[in-house]
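Shown next: start13.pdb, containing PDB, C-alpha atoms.
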```pdb
MODEL        1
ATOM      1  CA  MET A   1      25.539  50.024 -36.493
ATOM      2  CA  GLY A   2      25.288  53.423 -34.773
ATOM      3  CA  VAL A   3      25.973  52.091 -31.286
ATOM      4  CA  ARG A   4      29.009  50.095 -32.340
ATOM      5  CA  PHE A   5      30.386  53.046 -34.329
ATOM      6  CA  GLN A   6      30.347  55.118 -31.187
ATOM      7  CA  LEU A   7      32.177  52.399 -29.267
ATOM      8  CA  ILE A   8      35.029  51.786 -31.704
ATOM      9  CA  SER A   9      36.379  55.337 -31.647
ATOM     10  CA  HIS A  10      39.559  55.586 -29.590
ATOM     11  CA  LEU A  11      39.384  56.647 -25.983
ATOM     12  CA  PRO A  12      41.177  59.828 -24.938
ATOM     13  CA  ARG A  13      44.419  59.449 -23.001
ATOM     14  CA  TYR A  14      43.669  58.320 -19.446
ATOM     15  CA  LEU A  15      45.011  56.850 -16.242
ATOM     16  CA  ALA A  16      43.126  54.070 -14.418
ATOM     17  CA  LEU A  17      43.567  53.027 -10.797
ATOM     18  CA  VAL A  18      41.839  49.776  -9.869
ATOM     19  CA  GLY A  19      41.975  47.110  -7.201
ATOM     20  CA  PRO A  20      39.844  45.075  -4.820
ATOM     21  CA  THR A  21      37.755  46.721  -2.140
ATOM     22  CA  ALA A  22      39.755  48.218   0.767
ATOM     23  CA  SER A  23      43.030  48.171  -1.189
ATOM     24  CA  GLY A  24      43.611  51.913  -0.813
ATOM     25  CA  LYS A  25      42.344  53.260  -4.133
ATOM     26  CA  THR A  26      40.777  56.447  -2.723
ATOM     27  CA  ALA A  27      43.924  57.553  -0.914
ATOM     28  CA  ALA A  28      46.087  56.815  -3.958
ATOM     29  CA  ALA A  29      43.708  58.658  -6.284
ATOM     30  CA  LEU A  30      43.712  61.743  -4.063
ATOM     31  CA  ALA A  31      47.519  61.667  -3.953
ATOM     32  CA  ILE A  32      47.625  61.624  -7.750
ATOM     33  CA  ALA A  33      45.097  64.465  -7.852
ATOM     34  CA  GLN A  34      47.317  66.593  -5.593
ATOM     35  CA  ALA A  35      50.250  66.124  -7.963
ATOM     36  CA  TRP A  36      48.637  66.461 -11.398
ATOM     37  CA  PRO A  37      45.594  68.143 -12.988
ATOM     38  CA  VAL A  38      43.110  65.259 -13.108
ATOM     39  CA  GLU A  39      39.390  64.695 -12.710
ATOM     40  CA  ILE A  40      38.192  61.427 -11.203
ATOM     41  CA  ILE A  41      35.639  59.195 -12.914
ATOM     42  CA  SER A  42      34.249  56.611 -10.504
ATOM     43  CA  VAL A  43      34.253  53.037 -11.808
ATOM     44  CA  ASP A  44      31.990  51.705  -9.077
ATOM     45  CA  SER A  45      28.490  50.285  -9.476
ATOM     46  CA  ALA A  46      27.556  51.147  -5.866
ATOM     47  CA  LEU A  47      28.776  54.756  -5.720
ATOM     48  CA  VAL A  48      26.252  55.760  -8.391
ATOM     49  CA  TYR A  49      23.433  55.559  -5.815
ATOM     50  CA  ARG A  50      22.251  58.493  -3.738
ATOM     51  CA  GLY A  51      21.603  57.889  -0.048
ATOM     52  CA  MET A  52      24.033  54.978   0.062
ATOM     53  CA  ASP A  53      27.070  56.635   1.594
ATOM     54  CA  ILE A  54      28.251  54.653   4.618
ATOM     55  CA  GLY A  55      27.968  51.121   3.251
ATOM     56  CA  THR A  56      29.677  52.025  -0.034
ATOM     57  CA  ALA A  57      32.610  53.788   1.678
ATOM     58  CA  LYS A  58      31.766  56.752  -0.530
ATOM     59  CA  PRO A  59      34.394  59.528  -0.495
ATOM     60  CA  THR A  60      33.634  62.129   2.142
ATOM     61  CA  ALA A  61      32.417  65.629   1.306
ATOM     62  CA  ALA A  62      35.905  66.922   2.049
ATOM     63  CA  GLU A  63      37.483  64.353  -0.284
ATOM     64  CA  LEU A  64      34.970  65.100  -3.031
ATOM     65  CA  ALA A  65      35.827  68.788  -2.711
ATOM     66  CA  LEU A  66      39.551  68.221  -3.280
ATOM     67  CA  VAL A  67      39.159  67.217  -6.929
ATOM     68  CA  PRO A  68      36.217  66.979  -9.362
ATOM     69  CA  HIS A  69      34.495  63.574  -9.106
ATOM     70  CA  HIS A  70      32.073  62.119 -11.644
ATOM     71  CA  LEU A  71      29.504  59.258 -11.714
ATOM     72  CA  ILE A  72      28.846  59.467  -7.975
ATOM     73  CA  ASN A  73      25.276  60.049  -6.676
ATOM     74  CA  ILE A  74      23.760  59.960 -10.159
ATOM     75  CA  ARG A  75      21.003  57.369  -9.576
ATOM     76  CA  ASP A  76      18.209  56.777  -7.091
ATOM     77  CA  PRO A  77      18.478  53.291  -5.511
ATOM     78  CA  LEU A  78      15.260  52.337  -7.292
ATOM     79  CA  GLN A  79      16.953  52.798 -10.681
ATOM     80  CA  ALA A  80      19.314  50.411 -12.439
ATOM     81  CA  TYR A  81      22.606  51.451 -14.031
ATOM     82  CA  SER A  82      24.072  49.252 -16.751
ATOM     83  CA  ALA A  83      27.578  48.738 -18.081
ATOM     84  CA  ALA A  84      26.435  50.262 -21.365
ATOM     85  CA  GLU A  85      25.262  53.404 -19.569
ATOM     86  CA  PHE A  86      28.612  53.594 -17.797
ATOM     87  CA  VAL A  87      30.493  53.339 -21.084
ATOM     88  CA  ALA A  88      28.429  56.109 -22.668
ATOM     89  CA  ASP A  89      28.749  58.358 -19.620
ATOM     90  CA  ALA A  90      32.452  57.707 -19.097
ATOM     91  CA  ARG A  91      33.366  58.291 -22.738
ATOM     92  CA  GLN A  92      31.571  61.636 -22.776
ATOM     93  CA  LEU A  93      33.203  62.654 -19.494
ATOM     94  CA  MET A  94      36.648  61.637 -20.745
ATOM     95  CA  THR A  95      36.188  63.778 -23.821
ATOM     96  CA  ASP A  96      35.006  66.749 -21.756
ATOM     97  CA  ILE A  97      37.801  66.416 -19.182
ATOM     98  CA  THR A  98      40.419  66.222 -21.932
ATOM     99  CA  ALA A  99      38.958  69.333 -23.560
ATOM    100  CA  ARG A 100      39.437  71.152 -20.255
ATOM    101  CA  GLY A 101      43.146  70.340 -20.401
ATOM    102  CA  ARG A 102      42.961  67.776 -17.606
ATOM    103  CA  LEU A 103      43.513  64.018 -17.471
ATOM    104  CA  PRO A 104      40.713  61.508 -16.841
ATOM    105  CA  LEU A 105      41.563  59.364 -13.793
ATOM    106  CA  LEU A 106      39.339  56.279 -13.644
ATOM    107  CA  VAL A 107      39.120  54.868 -10.126
ATOM    108  CA  GLY A 108      37.170  51.875  -8.840
ATOM    109  CA  GLY A 109      36.657  48.165  -8.561
ATOM    110  CA  THR A 110      33.737  47.328 -10.861
ATOM    111  CA  MET A 111      35.827  45.475 -13.410
ATOM    112  CA  LEU A 112      32.894  44.765 -15.721
ATOM    113  CA  TYR A 113      32.566  48.520 -16.288
ATOM    114  CA  LEU A 114      36.267  48.930 -17.038
ATOM    115  CA  LYS A 115      36.336  45.953 -19.392
ATOM    116  CA  ALA A 116      33.276  47.258 -21.230
ATOM    117  CA  LEU A 117      34.936  50.654 -21.619
ATOM    118  CA  ARG A 118      38.258  49.259 -22.820
ATOM    119  CA  ASP A 119      37.081  46.336 -24.946
ATOM    120  CA  GLY A 120      33.562  47.241 -26.061
ATOM    121  CA  LEU A 121      30.257  45.501 -25.547
ATOM    122  CA  ASP A 122      29.848  43.144 -28.478
ATOM    123  CA  ASP A 123      30.385  40.025 -26.378
ATOM    124  CA  MET A 124      27.177  38.617 -24.931
ATOM    125  CA  PRO A 125      26.956  39.512 -21.222
ATOM    126  CA  ARG A 126      27.432  36.602 -18.851
ATOM    127  CA  ALA A 127      24.666  35.565 -16.510
ATOM    128  CA  ASP A 128      24.256  37.881 -13.548
ATOM    129  CA  PRO A 129      22.576  36.211 -10.547
ATOM    130  CA  VAL A 130      21.562  39.547  -9.021
ATOM    131  CA  ILE A 131      19.738  40.727 -12.150
ATOM    132  CA  ARG A 132      18.274  37.273 -12.688
ATOM    133  CA  GLU A 133      16.868  37.139  -9.158
ATOM    134  CA  ALA A 134      15.394  40.623  -9.549
ATOM    135  CA  ILE A 135      13.607  39.508 -12.732
ATOM    136  CA  ALA A 136      12.308  36.385 -10.958
ATOM    137  CA  TRP A 137      10.967  38.594  -8.162
ATOM    138  CA  GLU A 138       9.174  40.802 -10.689
ATOM    139  CA  ALA A 139       7.713  37.735 -12.392
ATOM    140  CA  ALA A 140       6.387  36.473  -9.075
ATOM    141  CA  GLN A 141       4.657  39.815  -8.551
ATOM    142  CA  GLN A 142       3.419  40.510 -12.093
ATOM    143  CA  GLY A 143       3.472  37.218 -14.004
ATOM    144  CA  TRP A 144       5.579  36.251 -17.032
ATOM    145  CA  PRO A 145       3.107  37.635 -19.615
ATOM    146  CA  ALA A 146       3.642  41.094 -18.093
ATOM    147  CA  LEU A 147       7.404  40.689 -18.343
ATOM    148  CA  HIS A 148       6.987  39.491 -21.930
ATOM    149  CA  ALA A 149       5.117  42.721 -22.627
ATOM    150  CA  ALA A 150       7.934  44.684 -20.988
ATOM    151  CA  LEU A 151      10.443  42.868 -23.192
ATOM    152  CA  ALA A 152       8.416  43.809 -26.273
ATOM    153  CA  GLN A 153       8.985  47.468 -25.410
ATOM    154  CA  VAL A 154      12.789  47.183 -25.467
ATOM    155  CA  ASP A 155      13.398  44.198 -27.751
ATOM    156  CA  PRO A 156      10.377  43.635 -30.023
ATOM    157  CA  ALA A 157      12.277  41.274 -32.330
ATOM    158  CA  THR A 158      13.057  38.818 -29.527
ATOM    159  CA  ALA A 159       9.648  39.172 -27.871
ATOM    160  CA  ALA A 160       7.939  38.383 -31.178
ATOM    161  CA  ARG A 161       9.533  34.937 -31.327
ATOM    162  CA  LEU A 162       8.948  33.996 -27.687
ATOM    163  CA  ASN A 163       5.883  32.538 -26.074
ATOM    164  CA  PRO A 164       4.629  34.831 -23.256
ATOM    165  CA  ALA A 165       5.007  31.847 -20.911
ATOM    166  CA  ASP A 166       8.608  31.042 -21.942
ATOM    167  CA  SER A 167      10.052  32.177 -18.606
ATOM    168  CA  GLN A 168      13.646  31.064 -19.189
ATOM    169  CA  ARG A 169      14.131  32.886 -22.492
ATOM    170  CA  ILE A 170      12.193  35.987 -21.418
ATOM    171  CA  SER A 171      14.348  36.187 -18.303
ATOM    172  CA  ARG A 172      17.577  35.897 -20.292
ATOM    173  CA  ALA A 173      16.508  38.524 -22.834
ATOM    174  CA  LEU A 174      15.604  40.994 -20.083
ATOM    175  CA  GLU A 175      18.833  40.176 -18.263
ATOM    176  CA  VAL A 176      20.927  40.930 -21.341
ATOM    177  CA  PHE A 177      19.141  44.233 -21.880
ATOM    178  CA  ARG A 178      19.572  45.330 -18.276
ATOM    179  CA  LEU A 179      23.243  44.401 -18.245
ATOM    180  CA  SER A 180      24.162  45.947 -21.580
ATOM    181  CA  GLY A 181      21.462  48.446 -22.459
ATOM    182  CA  ARG A 182      21.064  46.614 -25.786
ATOM    183  CA  PRO A 183      18.427  44.150 -26.996
ATOM    184  CA  LEU A 184      19.386  40.492 -27.213
ATOM    185  CA  SER A 185      18.599  40.559 -30.925
ATOM    186  CA  SER A 186      21.378  43.087 -31.551
ATOM    187  CA  PHE A 187      24.010  40.632 -30.310
ATOM    188  CA  GLN A 188      22.749  37.975 -32.675
ATOM    189  CA  THR A 189      23.301  40.065 -35.806
ATOM    190  CA  ARG A 190      27.036  40.806 -35.384
ATOM    191  CA  ASN A 191      29.358  37.893 -34.808
ATOM    192  CA  SER A 192      32.434  38.553 -36.927
ATOM    193  CA  ASP A 193      35.807  38.150 -35.235
ATOM    194  CA  SER A 194      36.918  41.481 -36.663
ATOM    195  CA  GLN A 195      34.496  43.225 -34.348
ATOM    196  CA  LYS A 196      35.809  41.537 -31.201
ATOM    197  CA  ALA A 197      39.277  43.081 -31.096
ATOM    198  CA  PRO A 198      40.094  45.285 -28.089
ATOM    199  CA  ILE A 199      39.374  48.918 -28.875
ATOM    200  CA  HIS A 200      41.027  50.784 -26.001
ATOM    201  CA  ASN A 201      43.565  53.510 -26.596
ATOM    202  CA  PRO A 202      47.089  52.143 -26.026
ATOM    203  CA  ASP A 203      48.038  55.571 -24.645
ATOM    204  CA  SER A 204      46.748  54.653 -21.206
ATOM    205  CA  LEU A 205      48.066  53.303 -17.918
ATOM    206  CA  LEU A 206      46.232  50.759 -15.774
ATOM    207  CA  ILE A 207      47.599  50.618 -12.207
ATOM    208  CA  SER A 208      46.292  47.715 -10.138
ATOM    209  CA  LEU A 209      46.556  47.666  -6.332
ATOM    210  CA  GLU A 210      46.828  44.011  -5.308
ATOM    211  CA  PRO A 211      47.821  42.530  -1.929
ATOM    212  CA  LEU A 212      50.740  40.144  -1.563
ATOM    213  CA  ASP A 213      49.333  38.952   1.763
ATOM    214  CA  ARG A 214      45.595  38.275   1.531
ATOM    215  CA  ALA A 215      45.374  38.441   5.337
ATOM    216  CA  TRP A 216      46.369  42.122   5.162
ATOM    217  CA  LEU A 217      43.391  42.835   2.925
ATOM    218  CA  HIS A 218      41.074  40.771   5.123
ATOM    219  CA  GLN A 219      42.114  42.814   8.158
ATOM    220  CA  ARG A 220      41.404  46.087   6.328
ATOM    221  CA  ILE A 221      38.016  44.755   5.202
ATOM    222  CA  ALA A 222      37.111  43.895   8.789
ATOM    223  CA  GLN A 223      38.288  47.263  10.073
ATOM    224  CA  ARG A 224      36.310  49.103   7.432
ATOM    225  CA  PHE A 225      33.125  47.146   8.119
ATOM    226  CA  ASP A 226      33.480  47.909  11.827
ATOM    227  CA  THR A 227      33.901  51.591  10.953
ATOM    228  CA  MET A 228      30.746  51.475   8.830
ATOM    229  CA  LEU A 229      28.733  49.932  11.646
ATOM    230  CA  ALA A 230      30.021  52.543  14.090
ATOM    231  CA  ALA A 231      29.142  55.316  11.634
ATOM    232  CA  GLY A 232      25.476  54.274  11.476
ATOM    233  CA  PHE A 233      25.278  51.763   8.627
ATOM    234  CA  LEU A 234      22.207  50.098  10.155
ATOM    235  CA  ASP A 235      20.389  53.428  10.367
ATOM    236  CA  GLU A 236      21.264  54.144   6.744
ATOM    237  CA  VAL A 237      19.651  50.882   5.600
ATOM    238  CA  LYS A 238      16.668  51.455   7.910
ATOM    239  CA  ALA A 239      16.104  54.824   6.223
ATOM    240  CA  LEU A 240      16.215  53.173   2.793
ATOM    241  CA  ARG A 241      13.727  50.510   3.928
ATOM    242  CA  ALA A 242      11.429  53.192   5.357
ATOM    243  CA  ARG A 243      10.935  54.658   1.879
ATOM    244  CA  GLY A 244       8.632  51.743   1.121
ATOM    245  CA  ASP A 245       9.484  51.473  -2.592
ATOM    246  CA  LEU A 246      12.747  49.516  -2.338
ATOM    247  CA  HIS A 247      13.091  45.743  -2.055
ATOM    248  CA  PRO A 248      16.044  43.411  -1.451
ATOM    249  CA  ASP A 249      16.245  42.170  -5.050
ATOM    250  CA  LEU A 250      17.052  45.561  -6.564
ATOM    251  CA  PRO A 251      20.668  45.853  -7.802
ATOM    252  CA  SER A 252      21.260  48.671  -5.307
ATOM    253  CA  MET A 253      20.071  46.649  -2.339
ATOM    254  CA  ARG A 254      22.066  43.619  -3.472
ATOM    255  CA  CYS A 255      25.302  45.565  -3.011
ATOM    256  CA  VAL A 256      27.675  43.902  -0.563
ATOM    257  CA  GLY A 257      26.838  44.963   2.971
ATOM    258  CA  TYR A 258      23.393  46.318   2.152
ATOM    259  CA  ARG A 259      22.083  42.857   1.392
ATOM    260  CA  GLN A 260      23.423  41.497   4.689
ATOM    261  CA  VAL A 261      21.987  44.379   6.758
ATOM    262  CA  TRP A 262      18.622  44.102   5.000
ATOM    263  CA  GLU A 263      18.436  40.361   5.695
ATOM    264  CA  ALA A 264      19.373  40.903   9.354
ATOM    265  CA  LEU A 265      16.647  43.524   9.699
ATOM    266  CA  ASP A 266      14.226  41.056   8.092
ATOM    267  CA  GLY A 267      15.142  38.590  10.829
ATOM    268  CA  LEU A 268      16.566  35.975   8.459
ATOM    269  CA  TRP A 269      19.354  35.430  10.962
ATOM    270  CA  PRO A 270      20.402  36.971  14.305
ATOM    271  CA  MET A 271      21.709  40.534  14.251
ATOM    272  CA  SER A 272      24.707  39.217  16.202
ATOM    273  CA  GLU A 273      25.850  37.499  12.988
ATOM    274  CA  LEU A 274      25.743  40.676  10.875
ATOM    275  CA  ARG A 275      29.396  41.594  11.312
ATOM    276  CA  ASP A 276      30.697  38.157  10.315
ATOM    277  CA  LYS A 277      28.338  37.839   7.357
ATOM    278  CA  GLY A 278      29.143  41.332   6.097
ATOM    279  CA  ILE A 279      32.885  40.762   6.322
ATOM    280  CA  ALA A 280      32.613  37.345   4.634
ATOM    281  CA  ALA A 281      30.590  38.793   1.739
ATOM    282  CA  THR A 282      33.103  41.612   1.294
ATOM    283  CA  ARG A 283      35.971  39.100   1.231
ATOM    284  CA  GLN A 284      34.162  37.190  -1.516
ATOM    285  CA  LEU A 285      33.754  40.410  -3.487
ATOM    286  CA  ALA A 286      37.477  41.142  -3.163
ATOM    287  CA  LYS A 287      38.305  37.626  -4.368
ATOM    288  CA  ARG A 288      36.132  38.102  -7.474
ATOM    289  CA  GLN A 289      37.725  41.481  -8.158
ATOM    290  CA  ILE A 290      41.229  40.015  -7.968
ATOM    291  CA  THR A 291      40.192  37.262 -10.383
ATOM    292  CA  TRP A 292      39.018  39.938 -12.855
ATOM    293  CA  LEU A 293      42.286  41.842 -12.456
ATOM    294  CA  ARG A 294      44.442  38.811 -13.126
ATOM    295  CA  ALA A 295      42.723  38.478 -16.495
ATOM    296  CA  MET A 296      44.094  41.928 -17.459
ATOM    297  CA  PRO A 297      47.723  41.245 -18.449
ATOM    298  CA  GLN A 298      48.317  44.870 -19.448
ATOM    299  CA  ARG A 299      47.972  46.129 -15.866
ATOM    300  CA  GLN A 300      50.878  47.477 -13.820
ATOM    301  CA  VAL A 301      50.671  45.788 -10.418
ATOM    302  CA  VAL A 302      51.527  47.666  -7.232
ATOM    303  CA  THR A 303      51.642  45.587  -4.048
ATOM    304  CA  CYS A 304      49.180  47.544  -1.946
ATOM    305  CA  ASP A 305      50.402  46.104   1.367
ATOM    306  CA  ALA A 306      53.984  47.236   0.695
ATOM    307  CA  PRO A 307      55.192  50.143   2.885
ATOM    308  CA  ASP A 308      55.996  52.207  -0.217
ATOM    309  CA  ALA A 309      52.847  51.351  -2.192
ATOM    310  CA  LEU A 310      51.777  54.986  -2.525
ATOM    311  CA  GLU A 311      55.250  56.012  -3.716
ATOM    312  CA  GLN A 312      55.134  53.235  -6.327
ATOM    313  CA  VAL A 313      51.771  54.474  -7.609
ATOM    314  CA  LEU A 314      53.033  58.046  -7.881
ATOM    315  CA  ALA A 315      56.216  56.905  -9.634
ATOM    316  CA  LEU A 316      54.242  54.972 -12.250
ATOM    317  CA  ALA A 317      51.906  57.934 -12.760
ATOM    318  CA  ALA A 318      54.861  60.312 -13.109
ATOM    319  CA  GLN A 319      56.539  58.067 -15.672
ATOM    320  CA  PHE A 320      53.307  57.895 -17.692
ATOM    321  CA  LEU A 321      52.480  61.579 -17.472
ATOM    322  CA  HIS A 322      55.975  62.814 -18.273
TER     323      HIS A 322
ENDMDL
END
```
Using structure tokens, write down the structure from this file.
Amino acid sequence: MGVRFQLISHLPRYLALVGPTASGKTAAALAIAQAWPVEIISVDSALVYRGMDIGTAKPTAAELALVPHHLINIRDPLQAYSAAEFVADARQLMTDITARGRLPLLVGGTMLYLKALRDGLDDMPRADPVIREAIAWEAAQQGWPALHAALAQVDPATAARLNPADSQRISRALEVFRLSGRPLSSFQTRNSDSQKAPIHNPDSLLISLEPLDRAWLHQRIAQRFDTMLAAGFLDEVKALRARGDLHPDLPSMRCVGYRQVWEALDGLWPMSELRDKGIAATRQLAKRQITWLRAMPQRQVVTCDAPDALEQVLALAAQFLH
């Protein structure tokens, strides 16, 4: 019960700023940081990776210098980073930031991370096609008995009841562990409804930047992808490929944009199609993010394509902080 005990303690007071990709979160976060003593905790599964700067629209060095940022550049692209690791890291950072007399400002668009932080991790993780494909790739290279042995290292109880050739169940058990940082067997021992109640601190504000006109967001996505290409996105991916230890099924290389550039460099389709494919994939990501947000009724929505969107964000923050 040690892990769950850690999760059920209340979160410190915090402000969260979320929204789909290209909705203006970085600019709004920096505006908040100029007005109040905050430290930013990134809620973004792509920004954790070092050497992936252009394609993730990572804050610039100048922007990072304006206010302390956390959970950026903390992993090599060869390493995975789970929602459970995010929760543990974010909770510790929130405690430390609060102790320094500042306010944690959570900023990003990886809604799974935010939900895990606010509601806990007792619910069984849903299937993740990226993780599942990575496991299938490993099985093709090493064989299912080797993956069964790997499962035995992290979840001996589940491995003990599975045949080393039971690919479907081995894959699911590894998937659950990589998504949550917990063995599958731990989810199967705690099912009471009393442990499924939301555990976030009510003394928090969740501001969500959402477009009224989806075409406005699509235009910003296209503009940003063009900016990435002009800034050397292809060269960035070429440098990652040149390392020799990365492959396209890693979570890092499955990030939107990186996957499309990698496939173009592999010759899976003409390079002339890269722009359209990258923009289309980013639009799909934004659509999924908005779907996540609409399942969070406690959020305060700011129409990000409104002329006074930034003023609305600052007004909500001021009301909360005062």
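When only C-alpha atoms are used to compute distances to Ile131 of chain A, the closest of the residues A:Val67, A:Ala90, A:Leu205, A:Met253 turns out to be A:Met253.
Matched in the shown structure by the PyMOL selection byres ((chain A and resi 140-154) around 7): Ala136, Trp137, Glu138, Ala139, Asp155, Pro156, Ala159, Pro164, Ala165, Ser167, Ile170, Leu174 and Pro183 of chain A.
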Within 9 Å of segment 302-316 of chain A, counting all atoms listed in the file, which residues show up once you throw out same-chain ones fewer than 6 positions away? Write them as a tab-separated table (two decimals) with C-alpha atoms, in the frame of the given file, please.
```
chain	number	residue	atom	x	y	z
A	17	LEU	CA	43.57	53.03	-10.80
A	19	GLY	CA	41.98	47.11	-7.20
A	23	SER	CA	43.03	48.17	-1.19
A	24	GLY	CA	43.61	51.91	-0.81
A	27	ALA	CA	43.92	57.55	-0.91
A	28	ALA	CA	46.09	56.82	-3.96
A	31	ALA	CA	47.52	61.67	-3.95
A	32	ILE	CA	47.62	61.62	-7.75
A	35	ALA	CA	50.25	66.12	-7.96
A	205	LEU	CA	48.07	53.30	-17.92
A	207	ILE	CA	47.60	50.62	-12.21
A	208	SER	CA	46.29	47.72	-10.14
A	209	LEU	CA	46.56	47.67	-6.33
A	210	GLU	CA	46.83	44.01	-5.31
A	211	PRO	CA	47.82	42.53	-1.93
A	212	LEU	CA	50.74	40.14	-1.56
A	213	ASP	CA	49.33	38.95	1.76
A	216	TRP	CA	46.37	42.12	5.16
A	217	LEU	CA	43.39	42.84	2.92
```
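As for atom CA of Val256 of chain A and atom CA of Pro270 of chain A, they are spaced 17.9 Å apart.
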Non-local contacts of Gln79 of chain A (10 Å; only C-alpha atoms; under 5 positions in same chain excluded) as number ranges by chain: A: 49, 74, 246, 250-252
Quick one, how far is atom CA of Trp292 of chain A from atom CA of Leu112 of chain A?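 Here the two named atoms are 8.3 Å from each other.
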Shell of 12 Å around Ala286 of chain A, only C-alpha atoms, local chain residues under 2 positions omitted, as number ranges by chain: A: 18-23, 109-111, 209-211, 214-215, 217-218, 220-221, 256, 279-284, 288-293
Could you write out that same residue set with C-alpha atoms as an mmCIF file, keeping the file's coordinate frame?
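Ended up saving to out_37.cif:
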```cif
data_model
loop_
_atom_site.group_PDB
_atom_site.id
_atom_site.type_symbol
_atom_site.label_atom_id
_atom_site.label_comp_id
_atom_site.auth_asym_id
_atom_site.auth_seq_id
_atom_site.Cartn_x
_atom_site.Cartn_y
_atom_site.Cartn_z
ATOM 1 C CA VAL A 18 41.839 49.776 -9.869
ATOM 2 C CA GLY A 19 41.975 47.110 -7.201
ATOM 3 C CA PRO A 20 39.844 45.075 -4.820
ATOM 4 C CA THR A 21 37.755 46.721 -2.140
ATOM 5 C CA ALA A 22 39.755 48.218 0.767
ATOM 6 C CA SER A 23 43.030 48.171 -1.189
ATOM 7 C CA GLY A 109 36.657 48.165 -8.561
ATOM 8 C CA THR A 110 33.737 47.328 -10.861
ATOM 9 C CA MET A 111 35.827 45.475 -13.410
ATOM 10 C CA LEU A 209 46.556 47.666 -6.332
ATOM 11 C CA GLU A 210 46.828 44.011 -5.308
ATOM 12 C CA PRO A 211 47.821 42.530 -1.929
ATOM 13 C CA ARG A 214 45.595 38.275 1.531
ATOM 14 C CA ALA A 215 45.374 38.441 5.337
ATOM 15 C CA LEU A 217 43.391 42.835 2.925
ATOM 16 C CA HIS A 218 41.074 40.771 5.123
ATOM 17 C CA ARG A 220 41.404 46.087 6.328
ATOM 18 C CA ILE A 221 38.016 44.755 5.202
ATOM 19 C CA VAL A 256 27.675 43.902 -0.563
ATOM 20 C CA ILE A 279 32.885 40.762 6.322
ATOM 21 C CA ALA A 280 32.613 37.345 4.634
ATOM 22 C CA ALA A 281 30.590 38.793 1.739
ATOM 23 C CA THR A 282 33.103 41.612 1.294
ATOM 24 C CA ARG A 283 35.971 39.100 1.231
ATOM 25 C CA GLN A 284 34.162 37.190 -1.516
ATOM 26 C CA ARG A 288 36.132 38.102 -7.474
ATOM 27 C CA GLN A 289 37.725 41.481 -8.158
ATOM 28 C CA ILE A 290 41.229 40.015 -7.968
ATOM 29 C CA THR A 291 40.192 37.262 -10.383
ATOM 30 C CA TRP A 292 39.018 39.938 -12.855
ATOM 31 C CA LEU A 293 42.286 41.842 -12.456
#
```
When you draw a straight line from atom CA of Pro59 of chain A to atom CA of Asp235 of chain A, how long is it in Å?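 Taking atom CA of Pro59 of chain A as the start and atom CA of Asp235 of chain A as the end point, the length is 18.7 Å.
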Name every residue that the PyMOL selection byres ((chain A and resi 261) around 8) selects in this structure, writing the answer as a CSV table (one decimal) with C-alpha atoms, keeping the file's coordinate frame with chains first and numbers rising.
```csv
chain,number,residue,atom,x,y,z
A,234,LEU,CA,22.2,50.1,10.2
A,237,VAL,CA,19.7,50.9,5.6
A,257,GLY,CA,26.8,45.0,3.0
A,258,TYR,CA,23.4,46.3,2.2
A,259,ARG,CA,22.1,42.9,1.4
A,260,GLN,CA,23.4,41.5,4.7
A,262,TRP,CA,18.6,44.1,5.0
A,263,GLU,CA,18.4,40.4,5.7
A,264,ALA,CA,19.4,40.9,9.4
A,265,LEU,CA,16.6,43.5,9.7
A,274,LEU,CA,25.7,40.7,10.9
A,278,GLY,CA,29.1,41.3,6.1
```
Please evaluate the PyMOL selection byres ((chain A and resi 126) around 12) against the structure above and give the resulting residues as a list in words. Leu112, Leu121, Asp122, Asp123, Met124, Pro125, Ala127, Asp128, Pro129, Val130, Ile131, Arg132, Arg172, Ala173, Glu175, Val176, Phe177, Arg178, Leu179 and Ser180 of chain A
Step by step, gather every atom of segment 137-141 of chain A that the file lists, find the box along x, y and z that holds them, add 6 Å on each side, and finally give centre and edge lengths in Å to one decimal, as AutoDock Vina command-line options.
```
--center_x 7.8 --center_y 38.6 --center_z -10.3 --size_x 18.3 --size_y 16.3 --size_z 16.2
```
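Across A:Val38, A:Ile54, A:Ala65, A:Ala33, the tightest approach to Ala230 of chain A is made by A:Ile54 when counting only C-alpha atoms.
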